[in-house]
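What follows is the content of run-v1.txt, which has compact mmCIF, C-alpha atoms and all ligand atoms:
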```txt
# COMPACT_ATOMS: atom_id res chain seq x y z
CA MET Z 1 -26.63 186.80 -183.30
CA ASN Z 2 -29.29 187.73 -185.86
CA GLU Z 3 -31.97 190.37 -186.35
CA VAL Z 4 -34.38 189.01 -183.72
CA SER Z 5 -31.71 188.22 -181.10
CA ARG Z 6 -31.49 190.30 -177.95
CA ILE Z 7 -29.15 190.57 -175.00
CA VAL Z 8 -30.01 191.45 -171.42
CA GLU Z 9 -27.24 192.03 -168.90
CA VAL Z 10 -27.78 191.10 -165.27
CA GLY Z 11 -25.61 193.27 -163.02
CA GLY Z 12 -24.79 193.04 -159.34
CA GLU Z 13 -22.14 191.02 -157.55
CA SER Z 14 -22.22 188.07 -159.98
CA PRO Z 15 -23.00 189.64 -163.35
CA TYR Z 16 -23.97 187.53 -166.35
CA ARG Z 17 -25.48 187.84 -169.78
CA ILE Z 18 -28.78 186.51 -171.12
CA VAL Z 19 -28.67 185.82 -174.86
CA ILE Z 20 -32.15 185.52 -176.40
CA GLY Z 21 -32.74 184.39 -179.97
CA PRO Z 22 -32.94 181.49 -182.42
CA GLY Z 23 -29.81 179.35 -182.84
CA ALA Z 24 -28.18 180.08 -179.48
CA LEU Z 25 -27.79 176.36 -178.67
CA ALA Z 26 -25.65 175.76 -181.75
CA ASP Z 27 -23.17 178.54 -180.92
CA GLY Z 28 -20.45 176.27 -179.53
CA ALA Z 29 -17.85 178.98 -179.14
CA SER Z 30 -20.14 181.06 -176.92
CA LEU Z 31 -21.31 178.05 -174.89
CA ALA Z 32 -17.79 176.65 -174.43
CA GLY Z 33 -16.52 180.11 -173.52
CA HIS Z 34 -18.06 179.55 -170.08
CA VAL Z 35 -16.32 176.23 -169.41
CA ARG Z 36 -13.22 176.86 -167.30
CA GLY Z 37 -12.13 173.23 -166.94
CA ARG Z 38 -12.61 170.02 -168.93
CA HIS Z 39 -15.74 168.53 -167.37
CA VAL Z 40 -19.27 169.30 -168.51
CA LEU Z 41 -22.44 167.68 -167.23
CA LEU Z 42 -25.38 168.23 -169.53
CA VAL Z 43 -28.59 167.86 -167.50
CA SER Z 44 -31.86 167.52 -169.38
CA ASP Z 45 -35.21 165.71 -169.29
CA SER Z 46 -36.67 162.79 -171.24
CA THR Z 47 -38.60 165.04 -173.63
CA VAL Z 48 -35.96 167.68 -174.26
CA ALA Z 49 -32.90 165.41 -174.42
CA PRO Z 50 -33.84 163.63 -177.68
CA LEU Z 51 -34.64 166.99 -179.26
CA TYR Z 52 -31.65 169.13 -178.30
CA VAL Z 53 -28.85 167.29 -176.45
CA ALA Z 54 -27.08 166.34 -179.70
CA THR Z 55 -27.04 169.98 -180.88
CA VAL Z 56 -25.42 171.18 -177.66
CA ARG Z 57 -22.99 168.25 -177.47
CA GLU Z 58 -21.82 168.73 -181.06
CA ALA Z 59 -21.53 172.49 -180.66
CA LEU Z 60 -19.40 172.05 -177.52
CA HIS Z 61 -17.19 169.38 -179.08
CA GLU Z 62 -16.59 171.44 -182.17
CA ALA Z 63 -15.48 174.40 -180.08
CA ARG Z 64 -13.58 172.37 -177.46
CA PRO Z 65 -12.70 168.80 -178.62
CA ASP Z 66 -10.91 168.24 -175.29
CA LEU Z 67 -14.10 168.46 -173.21
CA LEU Z 68 -15.43 165.44 -171.31
CA VAL Z 69 -19.20 165.76 -171.64
CA GLY Z 70 -21.50 163.60 -169.51
CA THR Z 71 -25.30 163.55 -169.78
CA PHE Z 72 -27.88 163.16 -167.02
CA VAL Z 73 -31.53 162.85 -168.04
CA LEU Z 74 -34.56 163.17 -165.72
CA PRO Z 75 -38.05 161.90 -166.50
CA ALA Z 76 -39.98 164.97 -167.77
CA GLY Z 77 -42.28 166.74 -165.30
CA GLU Z 78 -42.41 168.44 -161.91
CA ALA Z 79 -42.56 165.07 -160.12
CA SER Z 80 -38.86 164.64 -161.02
CA LYS Z 81 -37.70 167.70 -159.05
CA THR Z 82 -36.84 165.53 -156.05
CA LEU Z 83 -34.04 165.02 -153.58
CA ALA Z 84 -33.58 161.52 -155.05
CA ASN Z 85 -32.94 162.90 -158.54
CA PHE Z 86 -30.74 165.62 -157.09
CA GLY Z 87 -28.70 162.79 -155.52
CA ALA Z 88 -28.56 161.00 -158.86
CA ALA Z 89 -27.27 164.16 -160.56
CA ILE Z 90 -24.55 164.40 -157.92
CA GLU Z 91 -23.65 160.75 -158.60
CA ALA Z 92 -23.39 161.59 -162.30
CA LEU Z 93 -20.91 164.36 -161.47
CA ALA Z 94 -18.88 161.94 -159.37
CA THR Z 95 -18.89 159.32 -162.15
CA LEU Z 96 -17.71 161.97 -164.60
CA GLY Z 97 -14.87 162.80 -162.22
CA ALA Z 98 -15.95 166.44 -162.29
CA THR Z 99 -13.46 168.77 -160.66
CA ARG Z 100 -14.08 172.20 -159.15
CA ASP Z 101 -13.79 173.89 -162.54
CA ALA Z 102 -16.58 171.74 -164.00
CA CYS Z 103 -19.60 173.32 -165.63
CA ILE Z 104 -23.19 172.10 -165.56
CA PHE Z 105 -25.40 172.96 -168.52
CA ALA Z 106 -29.12 172.89 -167.65
CA LEU Z 107 -30.95 172.13 -170.88
CA GLY Z 108 -34.71 172.15 -170.40
CA GLY Z 109 -37.51 173.87 -168.54
CA GLY Z 110 -37.61 175.13 -164.99
CA VAL Z 111 -37.58 171.63 -163.52
CA VAL Z 112 -34.22 170.86 -165.12
CA GLY Z 113 -32.91 174.36 -164.43
CA ASP Z 114 -33.82 174.28 -160.74
CA LEU Z 115 -32.45 170.79 -160.10
CA ALA Z 116 -29.29 171.20 -162.19
CA GLY Z 117 -28.66 174.60 -160.62
CA PHE Z 118 -28.98 173.09 -157.15
CA ALA Z 119 -26.53 170.31 -158.07
CA ALA Z 120 -24.12 173.01 -159.32
CA ALA Z 121 -24.57 174.91 -156.05
CA CYS Z 122 -23.67 171.82 -154.01
CA TRP Z 123 -21.04 169.89 -155.96
CA MET Z 124 -17.71 170.64 -154.30
CA ARG Z 125 -19.52 173.57 -152.63
CA GLY Z 126 -20.31 175.19 -155.94
CA VAL Z 127 -19.39 174.84 -159.59
CA ASP Z 128 -20.41 176.86 -162.65
CA CYS Z 129 -23.85 176.51 -164.17
CA VAL Z 130 -25.03 177.71 -167.57
CA GLN Z 131 -28.77 177.79 -168.10
CA LEU Z 132 -30.13 176.71 -171.49
CA PRO Z 133 -33.88 177.22 -170.99
CA THR Z 134 -36.20 175.56 -173.53
CA THR Z 135 -39.63 176.57 -172.18
CA LEU Z 136 -41.00 180.08 -172.30
CA LEU Z 137 -41.45 179.95 -168.53
CA SER Z 138 -37.82 179.11 -167.92
CA MET Z 139 -36.67 181.77 -170.42
CA VAL Z 140 -38.61 184.55 -168.70
CA ASP Z 141 -38.21 183.48 -165.10
CA SER Z 142 -36.53 180.39 -163.70
CA SER Z 143 -33.23 180.54 -165.63
CA VAL Z 144 -32.57 184.07 -164.35
CA GLY Z 145 -31.81 185.10 -160.79
CA GLY Z 146 -30.06 182.08 -159.32
CA LYS Z 147 -32.86 180.45 -157.33
CA THR Z 148 -32.32 176.69 -157.40
CA ALA Z 149 -34.33 174.04 -155.58
CA VAL Z 150 -36.08 170.71 -155.38
CA ASP Z 151 -39.53 169.87 -154.00
CA ILE Z 152 -40.42 167.63 -151.07
CA ALA Z 153 -43.80 166.07 -150.28
CA GLN Z 154 -44.60 168.93 -147.89
CA GLY Z 155 -44.10 171.65 -150.46
CA LYS Z 156 -42.43 173.09 -153.53
CA ASN Z 157 -38.88 174.41 -153.62
CA LEU Z 158 -38.38 173.92 -149.89
CA VAL Z 159 -34.80 172.69 -150.32
CA GLY Z 160 -32.45 174.80 -152.38
CA ALA Z 161 -29.83 177.51 -152.67
CA PHE Z 162 -29.13 180.81 -154.37
CA HIS Z 163 -26.58 180.09 -157.10
CA PRO Z 164 -26.54 182.52 -160.05
CA PRO Z 165 -25.72 181.09 -163.47
CA ARG Z 166 -22.58 182.08 -165.41
CA ALA Z 167 -24.75 182.75 -168.46
CA VAL Z 168 -28.18 182.11 -169.93
CA PHE Z 169 -28.78 181.16 -173.58
CA ALA Z 170 -32.49 181.23 -174.45
CA ASP Z 171 -32.73 179.68 -177.91
CA THR Z 172 -36.19 180.78 -179.06
CA SER Z 173 -36.24 178.22 -181.89
CA THR Z 174 -36.72 175.52 -179.23
CA LEU Z 175 -40.14 177.03 -178.50
CA ARG Z 176 -41.35 175.61 -181.84
CA THR Z 177 -41.51 172.14 -180.29
CA LEU Z 178 -43.04 173.33 -177.01
CA PRO Z 179 -46.65 172.16 -176.56
CA PRO Z 180 -49.12 175.12 -176.75
CA ARG Z 181 -50.21 174.47 -173.15
CA GLU Z 182 -46.61 174.99 -171.94
CA LEU Z 183 -46.29 178.16 -174.05
CA ARG Z 184 -49.42 179.53 -172.36
CA ALA Z 185 -48.01 178.58 -168.95
CA GLY Z 186 -44.95 180.73 -169.69
CA LEU Z 187 -47.19 183.60 -170.72
CA ALA Z 188 -48.68 183.58 -167.21
CA GLU Z 189 -45.26 184.58 -165.81
CA VAL Z 190 -44.89 187.18 -168.60
CA ILE Z 191 -48.25 188.68 -167.64
CA LYS Z 192 -47.04 188.72 -164.03
CA TYR Z 193 -44.35 191.32 -164.89
CA GLY Z 194 -47.00 193.58 -166.40
CA ALA Z 195 -49.26 193.06 -163.40
CA ILE Z 196 -46.65 193.91 -160.77
CA ARG Z 197 -44.63 196.71 -162.40
CA ASP Z 198 -45.37 197.60 -166.01
CA PRO Z 199 -48.82 198.83 -167.14
CA LEU Z 200 -47.53 199.59 -170.68
CA PHE Z 201 -46.22 196.02 -171.03
CA LEU Z 202 -49.60 194.72 -169.88
CA GLU Z 203 -51.26 196.83 -172.60
CA TRP Z 204 -48.77 195.46 -175.13
CA LEU Z 205 -49.63 191.92 -174.03
CA GLU Z 206 -53.31 192.70 -174.54
CA ALA Z 207 -52.52 193.84 -178.10
CA GLU Z 208 -49.99 191.16 -179.11
CA ARG Z 209 -51.89 188.05 -178.03
CA GLN Z 210 -52.20 186.59 -181.52
CA GLY Z 211 -48.50 186.82 -182.37
CA LEU Z 212 -47.44 185.45 -179.01
CA LEU Z 213 -49.83 182.50 -179.04
CA ALA Z 214 -48.84 181.75 -182.64
CA GLY Z 215 -45.20 181.57 -181.54
CA ASP Z 216 -43.97 184.48 -183.66
CA ASP Z 217 -40.17 184.61 -183.11
CA ALA Z 218 -39.75 188.38 -182.99
CA THR Z 219 -42.77 188.98 -180.73
CA LEU Z 220 -41.71 186.21 -178.38
CA ALA Z 221 -38.13 187.52 -178.26
CA MET Z 222 -39.51 190.94 -177.35
CA ALA Z 223 -41.70 189.50 -174.56
CA ILE Z 224 -38.79 187.42 -173.23
CA ALA Z 225 -36.36 190.35 -173.31
CA ARG Z 226 -38.79 192.71 -171.55
CA SER Z 227 -39.52 190.07 -168.90
CA CYS Z 228 -35.80 189.41 -168.37
CA GLU Z 229 -35.12 193.15 -168.08
CA HIS Z 230 -37.67 193.35 -165.29
CA LYS Z 231 -36.29 190.31 -163.53
CA ALA Z 232 -32.68 191.50 -163.97
CA GLU Z 233 -33.47 194.93 -162.51
CA ILE Z 234 -34.98 193.33 -159.42
CA VAL Z 235 -32.49 190.51 -158.78
CA GLU Z 236 -29.43 192.70 -159.19
CA ARG Z 237 -30.74 194.94 -156.40
CA ASP Z 238 -32.12 192.13 -154.24
CA PRO Z 239 -30.45 188.80 -155.18
CA LEU Z 240 -31.33 187.02 -151.92
CA GLU Z 241 -34.95 188.17 -151.66
CA ARG Z 242 -34.55 190.39 -148.64
CA GLY Z 243 -37.12 192.80 -150.04
CA GLU Z 244 -38.54 193.68 -153.44
CA ARG Z 245 -37.69 190.32 -155.08
CA ALA Z 246 -40.63 188.86 -153.17
CA LEU Z 247 -42.92 190.85 -155.51
CA LEU Z 248 -41.98 188.39 -158.27
CA ASN Z 249 -44.01 185.87 -156.30
CA LEU Z 250 -47.39 187.46 -156.95
CA GLY Z 251 -49.84 184.55 -156.93
CA HIS Z 252 -47.12 182.00 -156.12
CA THR Z 253 -48.12 181.23 -152.53
CA PHE Z 254 -51.62 180.32 -153.71
CA GLY Z 255 -50.19 178.62 -156.81
CA HIS Z 256 -47.65 176.50 -154.95
CA ALA Z 257 -50.38 175.38 -152.53
CA ILE Z 258 -52.52 174.25 -155.47
CA GLU Z 259 -49.59 172.43 -157.10
CA THR Z 260 -48.60 170.64 -153.91
CA GLU Z 261 -52.15 169.76 -152.87
CA GLN Z 262 -53.08 168.52 -156.32
CA GLY Z 263 -49.94 166.45 -156.77
CA TYR Z 264 -47.29 167.80 -159.10
CA GLY Z 265 -48.02 168.10 -162.83
CA SER Z 266 -46.45 165.84 -165.43
CA PRO Z 267 -46.94 165.13 -169.14
CA HIS Z 268 -49.00 162.12 -167.94
CA ASN Z 269 -51.65 163.87 -165.84
CA ASP Z 270 -53.98 166.87 -166.07
CA ASN Z 271 -52.87 168.57 -162.85
CA LEU Z 272 -52.14 172.26 -163.26
CA ASN Z 273 -48.58 172.99 -164.27
CA HIS Z 274 -46.59 175.74 -162.55
CA GLY Z 275 -47.57 178.58 -164.89
CA GLU Z 276 -51.25 177.63 -164.78
CA ALA Z 277 -51.17 177.47 -160.98
CA VAL Z 278 -49.55 180.92 -160.92
CA ALA Z 279 -52.33 182.25 -163.18
CA VAL Z 280 -54.97 181.02 -160.72
CA GLY Z 281 -52.85 182.29 -157.83
CA MET Z 282 -52.64 185.79 -159.31
CA VAL Z 283 -56.43 185.89 -159.59
CA LEU Z 284 -56.78 184.79 -155.95
CA ALA Z 285 -54.21 187.39 -154.83
CA ALA Z 286 -56.09 190.05 -156.81
CA ARG Z 287 -59.44 189.01 -155.29
CA LEU Z 288 -57.95 189.02 -151.78
CA SER Z 289 -56.47 192.47 -152.43
CA ALA Z 290 -59.84 193.72 -153.68
CA THR Z 291 -61.58 192.47 -150.51
CA LEU Z 292 -58.93 194.30 -148.45
CA GLY Z 293 -59.65 197.50 -150.38
CA LEU Z 294 -56.22 197.59 -152.08
CA ALA Z 295 -57.18 196.95 -155.71
CA GLU Z 296 -60.11 198.07 -157.84
CA ASN Z 297 -62.49 195.37 -159.05
CA ALA Z 298 -62.08 196.80 -162.56
CA ASP Z 299 -58.33 196.02 -162.47
CA THR Z 300 -59.02 192.49 -161.23
CA ASP Z 301 -61.54 191.99 -164.04
CA ARG Z 302 -58.97 193.22 -166.57
CA LEU Z 303 -56.32 190.82 -165.27
CA ILE Z 304 -58.76 187.91 -165.35
CA ALA Z 305 -59.84 188.79 -168.90
CA LEU Z 306 -56.21 188.91 -170.05
CA LEU Z 307 -55.35 185.56 -168.48
CA ARG Z 308 -58.47 183.98 -170.00
CA SER Z 309 -57.69 185.44 -173.42
CA TYR Z 310 -54.38 183.55 -173.25
CA GLY Z 311 -56.27 180.33 -172.46
CA LEU Z 312 -55.11 180.24 -168.84
CA PRO Z 313 -57.21 178.94 -165.94
CA THR Z 314 -58.51 181.51 -163.45
CA SER Z 315 -60.21 179.40 -160.78
CA ILE Z 316 -59.19 176.69 -158.33
CA PRO Z 317 -59.50 173.17 -159.79
CA ALA Z 318 -62.42 171.15 -158.41
CA GLY Z 319 -61.84 168.93 -155.41
CA LEU Z 320 -59.28 171.03 -153.51
CA ALA Z 321 -60.42 171.88 -149.97
CA PRO Z 322 -59.84 175.54 -148.93
CA GLU Z 323 -58.55 174.49 -145.48
CA ALA Z 324 -56.04 172.10 -147.05
CA LEU Z 325 -54.77 174.85 -149.38
CA LEU Z 326 -54.44 177.24 -146.44
CA ALA Z 327 -52.44 174.62 -144.52
CA ARG Z 328 -50.07 174.37 -147.52
CA MET Z 329 -49.74 178.15 -147.64
CA ARG Z 330 -48.54 178.18 -144.01
CA LEU Z 331 -45.35 176.40 -145.17
CA ASP Z 332 -44.46 179.04 -147.78
CA LYS Z 333 -40.86 180.29 -147.65
CA LYS Z 334 -41.94 183.94 -147.47
CA ASN Z 335 -43.67 183.44 -144.10
CA LEU Z 336 -41.85 184.72 -141.03
CA ALA Z 337 -42.52 183.96 -137.35
CA GLY Z 338 -45.56 181.85 -138.23
CA ARG Z 339 -47.36 184.75 -139.96
CA LEU Z 340 -48.83 184.54 -143.43
CA ARG Z 341 -46.72 186.88 -145.57
CA LEU Z 342 -48.26 187.41 -148.99
CA VAL Z 343 -47.75 189.52 -152.09
CA LEU Z 344 -50.83 191.68 -152.47
CA TRP Z 345 -51.88 193.63 -155.53
CA ARG Z 346 -52.49 197.36 -155.78
CA GLY Z 347 -53.94 197.18 -159.29
CA ILE Z 348 -52.27 197.13 -162.72
CA GLY Z 349 -48.51 197.69 -162.32
CA ARG Z 350 -48.27 197.73 -158.51
CA ALA Z 351 -47.75 195.09 -155.84
CA GLU Z 352 -46.57 195.01 -152.25
CA VAL Z 353 -45.64 192.52 -149.56
CA ALA Z 354 -48.06 192.25 -146.63
CA PRO Z 355 -46.29 190.79 -143.57
CA ASP Z 356 -49.29 189.45 -141.63
CA VAL Z 357 -52.42 188.63 -143.61
CA ASP Z 358 -55.53 187.54 -141.71
CA GLU Z 359 -56.01 183.83 -142.44
CA ASN Z 360 -59.80 184.16 -142.31
CA ARG Z 361 -59.71 186.61 -145.24
CA VAL Z 362 -57.53 184.16 -147.18
CA LEU Z 363 -59.85 181.27 -146.37
CA ALA Z 364 -62.83 183.29 -147.58
CA VAL Z 365 -61.11 183.89 -150.93
CA LEU Z 366 -60.12 180.22 -151.20
CA SER Z 367 -63.75 179.31 -150.49
CA GLY Z 368 -64.96 181.59 -153.29
CA TYR Z 369 -66.49 184.38 -151.20
P1 LIG G 401 -40.91 171.93 -167.03
O1 LIG G 401 -39.47 172.06 -166.85
O2 LIG G 401 -41.59 170.79 -166.39
O3 LIG G 401 -41.23 171.93 -168.58
C1 LIG G 401 -42.57 171.77 -169.00
C2 LIG G 401 -42.71 170.60 -169.98
O4 LIG G 401 -42.24 171.02 -171.26
C3 LIG G 401 -41.92 169.36 -169.62
O5 LIG G 401 -42.70 168.23 -169.89
C4 LIG G 401 -40.72 169.41 -170.57
O6 LIG G 401 -40.21 168.14 -170.87
C5 LIG G 401 -41.33 170.06 -171.79
N1 LIG G 401 -40.39 170.80 -172.64
C6 LIG G 401 -39.44 171.67 -172.22
N2 LIG G 401 -38.90 172.28 -173.27
C7 LIG G 401 -39.47 171.77 -174.37
C8 LIG G 401 -39.33 172.03 -175.75
N3 LIG G 401 -38.54 173.00 -176.20
N4 LIG G 401 -40.07 171.28 -176.62
C9 LIG G 401 -40.93 170.35 -176.16
N5 LIG G 401 -41.15 170.10 -174.86
C10 LIG G 401 -40.42 170.81 -173.98
O7 LIG G 401 -41.69 173.23 -166.49
P2 LIG G 401 -41.44 174.81 -166.65
O8 LIG G 401 -42.79 175.37 -166.78
O9 LIG G 401 -40.40 175.14 -167.62
O10 LIG G 401 -40.84 175.21 -165.22
C11 LIG G 401 -41.58 175.05 -164.03
C12 LIG G 401 -40.61 174.89 -162.88
O11 LIG G 401 -39.83 176.06 -162.77
C13 LIG G 401 -41.29 174.68 -161.56
O12 LIG G 401 -40.63 173.65 -160.85
C14 LIG G 401 -41.08 176.00 -160.84
O13 LIG G 401 -41.05 175.85 -159.44
C15 LIG G 401 -39.77 176.44 -161.40
N6 LIG G 401 -39.55 177.89 -161.33
C16 LIG G 401 -38.40 178.32 -160.78
C17 LIG G 401 -38.12 179.66 -160.75
C18 LIG G 401 -36.80 180.14 -160.21
O14 LIG G 401 -36.64 181.35 -160.03
N7 LIG G 401 -35.85 179.27 -160.01
C19 LIG G 401 -39.04 180.59 -161.27
C20 LIG G 401 -40.21 180.11 -161.83
C21 LIG G 401 -40.46 178.74 -161.85
N1 LIG G 402 -39.66 183.44 -159.52
C1 LIG G 402 -39.44 184.28 -158.42
C2 LIG G 402 -38.02 184.68 -158.24
O1 LIG G 402 -37.14 184.35 -158.98
O2 LIG G 402 -37.74 185.36 -157.30
```
Write the structure described by the file as structure tokens, please.
Amino acid sequence: MNEVSRIVEVGGESPYRIVIGPGALADGASLAGHVRGRHVLLVSDSTVAPLYVATVREALHEARPDLLVGTFVLPAGEASKTLANFGAAIEALATLGATRDACIFALGGGVVGDLAGFAAACWMRGVDCVQLPTTLLSMVDSSVGGKTAVDIAQGKNLVGAFHPPRAVFADTSTLRTLPPRELRAGLAEVIKYGAIRDPLFLEWLEAERQGLLAGDDATLAMAIARSCEHKAEIVERDPLERGERALLNLGHTFGHAIETEQGYGSPHNDNLNHGEAVAVGMVLAARLSATLGLAENADTDRLIALLRSYGLPTSIPAGLAPEALLARMRLDKKNLAGRLRLVLWRGIGRAEVAPDVDENRVLAVLSGY
């Protein structure tokens, strides 16, 4: 721990701690403290592994020389979050001879965290998982709350499980190697917390743009901690998304449709990544809410200005047909009994779930009216 480090506790039935700060990946004693048995599978991706696997491996070995540490590396990018790679991760556990007290360390962004977490949920009906997020997006969102999943051609995250981690170590020094575009993508999810439940945080984000975009350690740690506090408060009350947790999906139904329809993003193409798609999705949700009389246009304009000031996209990429996006939205996990269930916006700091949104209104927004 040092002066910029922070801790957020997640309560509820399966409590765990989120450690936020530079150097967390090298703290072998703390990492190894979560390994009950002898087997560790370190899951990472092809960009992150060469940068940080050695640090984690050495830290673990120093603290626990008896550990058997295997490594499983995915090609970087959303296109790797597949059932096939999930199967390969399971094979890696079998090759390692991992027993029920094994621990999976997910070292990377949300793609690694979601896939590794799902493997942990399934291997021998559930083994421990420690999340080591290395993107801002995964630090503020995907590493916390226990949602794990892979994508299929029909849609994102359609196969998965709830499986809370044993601990989260968000080493903010890893953000120094994160491409600026990925940092901005994470800031979209940070802005989301302000938009749905924290007007003062949104104001702070308006004021602290320079420090955040410049990657200032202390400012980033503050943004991550505040975001994690919001997420912790919600998931400890509603871990399985029976109610208020759905609010965390503001803009996600639109965003997932864009991601799926466009083809998933990767370091090798220009498709929107998850955070960028969520930014566009939040704007569409805000516009829809404004047309339904729920949000003021002035609030929508303020949200759009904030997203733009962080260099995030705010409109649907060219070439995506509104009807095709709507068809994708019909397969969203929030929908019940064939009705379009969406998170709508009530203006800065307030959101709500609408159980049955008129598809024609959605189509109009997707068409730009
Ligand atoms: P990602 O995992 O694809 O990472 C983005 C890119 O950054 C990748 O190319 C990766 O290799 C690279 N990278 C990661 N860390 C790096 C570092 N420190 N230095 C240099 N490069 C680095 O994407 P993401 O934005 O982290 O996560 C998006 C995924 O998270 C999506 O699949 C989304 O569905 C999922 N998600 C899940 C939840 C949840 O609750 N489980 C919440 C939000 C998002
Ligand atoms: N990212 C939405 C959730 O965790 O519920």
Between Z:Leu303, Z:Ala285, Z:Ala106, Z:Leu205, which has the minimum distance to Ile348 (chain Z) (counting all atoms listed in the file)?
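Among the listed residues, Z:Leu303 lies closest to Ile348 (chain Z).
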Surroundings of ligand LIG 401 (chain G) up to 7 Å, based on all atoms listed in the file, as number ranges by chain:
Z: 45-48, 76-78, 81, 108-112, 114, 134-138, 141-148, 156-157, 174-179, 182, 185-186, 266-267, 273-275
I need the residues from that last selection saved to file as a tab-separated table (two decimals), keeping the file's coordinate frame (with C-alpha atoms), if you can.
```tsv
chain	number	residue	atom	x	y	z
Z	45	ASP	CA	-35.21	165.71	-169.29
Z	46	SER	CA	-36.67	162.79	-171.24
Z	47	THR	CA	-38.60	165.04	-173.63
Z	48	VAL	CA	-35.96	167.68	-174.26
Z	76	ALA	CA	-39.98	164.97	-167.77
Z	77	GLY	CA	-42.28	166.74	-165.30
Z	78	GLU	CA	-42.41	168.44	-161.91
Z	81	LYS	CA	-37.70	167.70	-159.05
Z	108	GLY	CA	-34.71	172.15	-170.40
Z	109	GLY	CA	-37.51	173.87	-168.54
Z	110	GLY	CA	-37.61	175.13	-164.99
Z	111	VAL	CA	-37.58	171.63	-163.52
Z	112	VAL	CA	-34.22	170.86	-165.12
Z	114	ASP	CA	-33.82	174.28	-160.74
Z	134	THR	CA	-36.20	175.56	-173.53
Z	135	THR	CA	-39.63	176.57	-172.18
Z	136	LEU	CA	-41.00	180.08	-172.30
Z	137	LEU	CA	-41.45	179.95	-168.53
Z	138	SER	CA	-37.82	179.11	-167.92
Z	141	ASP	CA	-38.21	183.48	-165.10
Z	142	SER	CA	-36.53	180.39	-163.70
Z	143	SER	CA	-33.23	180.54	-165.63
Z	144	VAL	CA	-32.57	184.07	-164.35
Z	145	GLY	CA	-31.81	185.10	-160.79
Z	146	GLY	CA	-30.06	182.08	-159.32
Z	147	LYS	CA	-32.86	180.45	-157.33
Z	148	THR	CA	-32.32	176.69	-157.40
Z	156	LYS	CA	-42.43	173.09	-153.53
Z	157	ASN	CA	-38.88	174.41	-153.62
Z	174	THR	CA	-36.72	175.52	-179.23
Z	175	LEU	CA	-40.14	177.03	-178.50
Z	176	ARG	CA	-41.35	175.61	-181.84
Z	177	THR	CA	-41.51	172.14	-180.29
Z	178	LEU	CA	-43.04	173.33	-177.01
Z	179	PRO	CA	-46.65	172.16	-176.56
Z	182	GLU	CA	-46.61	174.99	-171.94
Z	185	ALA	CA	-48.01	178.58	-168.95
Z	186	GLY	CA	-44.95	180.73	-169.69
Z	266	SER	CA	-46.45	165.84	-165.43
Z	267	PRO	CA	-46.94	165.13	-169.14
Z	273	ASN	CA	-48.58	172.99	-164.27
Z	274	HIS	CA	-46.59	175.74	-162.55
Z	275	GLY	CA	-47.57	178.58	-164.89
```
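Using all atoms listed in the file, the nearest neighbour of ligand LIG 402 (chain G) within the list Z:Leu336, Z:Leu212, Z:Leu325, Z:Val140 is Z:Val140.
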At a cut-off of 12 Å around ligand LIG 402 (chain G), and using all atoms listed in the file, what residues come up? Please write them as a short mmCIF file (atom, residue, chain, number, x, y, z; two decimals) with C-alpha atoms, in the frame of the given file.
```cif
data_model
loop_
_atom_site.label_atom_id
_atom_site.label_comp_id
_atom_site.auth_asym_id
_atom_site.auth_seq_id
_atom_site.Cartn_x
_atom_site.Cartn_y
_atom_site.Cartn_z
CA GLY Z 110 -37.61 175.13 -164.99
CA ASP Z 114 -33.82 174.28 -160.74
CA LEU Z 137 -41.45 179.95 -168.53
CA SER Z 138 -37.82 179.11 -167.92
CA MET Z 139 -36.67 181.77 -170.42
CA VAL Z 140 -38.61 184.55 -168.70
CA ASP Z 141 -38.21 183.48 -165.10
CA SER Z 142 -36.53 180.39 -163.70
CA SER Z 143 -33.23 180.54 -165.63
CA VAL Z 144 -32.57 184.07 -164.35
CA GLY Z 145 -31.81 185.10 -160.79
CA GLY Z 146 -30.06 182.08 -159.32
CA LYS Z 147 -32.86 180.45 -157.33
CA THR Z 148 -32.32 176.69 -157.40
CA ALA Z 149 -34.33 174.04 -155.58
CA ASN Z 157 -38.88 174.41 -153.62
CA ALA Z 161 -29.83 177.51 -152.67
CA PHE Z 162 -29.13 180.81 -154.37
CA HIS Z 163 -26.58 180.09 -157.10
CA PRO Z 164 -26.54 182.52 -160.05
CA GLY Z 186 -44.95 180.73 -169.69
CA ALA Z 188 -48.68 183.58 -167.21
CA GLU Z 189 -45.26 184.58 -165.81
CA VAL Z 190 -44.89 187.18 -168.60
CA LYS Z 192 -47.04 188.72 -164.03
CA TYR Z 193 -44.35 191.32 -164.89
CA SER Z 227 -39.52 190.07 -168.90
CA CYS Z 228 -35.80 189.41 -168.37
CA HIS Z 230 -37.67 193.35 -165.29
CA LYS Z 231 -36.29 190.31 -163.53
CA ALA Z 232 -32.68 191.50 -163.97
CA GLU Z 233 -33.47 194.93 -162.51
CA ILE Z 234 -34.98 193.33 -159.42
CA VAL Z 235 -32.49 190.51 -158.78
CA GLU Z 236 -29.43 192.70 -159.19
CA ARG Z 237 -30.74 194.94 -156.40
CA ASP Z 238 -32.12 192.13 -154.24
CA PRO Z 239 -30.45 188.80 -155.18
CA LEU Z 240 -31.33 187.02 -151.92
CA GLU Z 241 -34.95 188.17 -151.66
CA ARG Z 242 -34.55 190.39 -148.64
CA GLY Z 243 -37.12 192.80 -150.04
CA GLU Z 244 -38.54 193.68 -153.44
CA ARG Z 245 -37.69 190.32 -155.08
CA ALA Z 246 -40.63 188.86 -153.17
CA LEU Z 247 -42.92 190.85 -155.51
CA LEU Z 248 -41.98 188.39 -158.27
CA ASN Z 249 -44.01 185.87 -156.30
CA LEU Z 250 -47.39 187.46 -156.95
CA GLY Z 251 -49.84 184.55 -156.93
CA HIS Z 252 -47.12 182.00 -156.12
CA THR Z 253 -48.12 181.23 -152.53
CA GLY Z 255 -50.19 178.62 -156.81
CA HIS Z 256 -47.65 176.50 -154.95
CA HIS Z 274 -46.59 175.74 -162.55
CA GLY Z 275 -47.57 178.58 -164.89
CA VAL Z 278 -49.55 180.92 -160.92
CA LYS Z 333 -40.86 180.29 -147.65
CA LYS Z 334 -41.94 183.94 -147.47
CA VAL Z 343 -47.75 189.52 -152.09
#
```
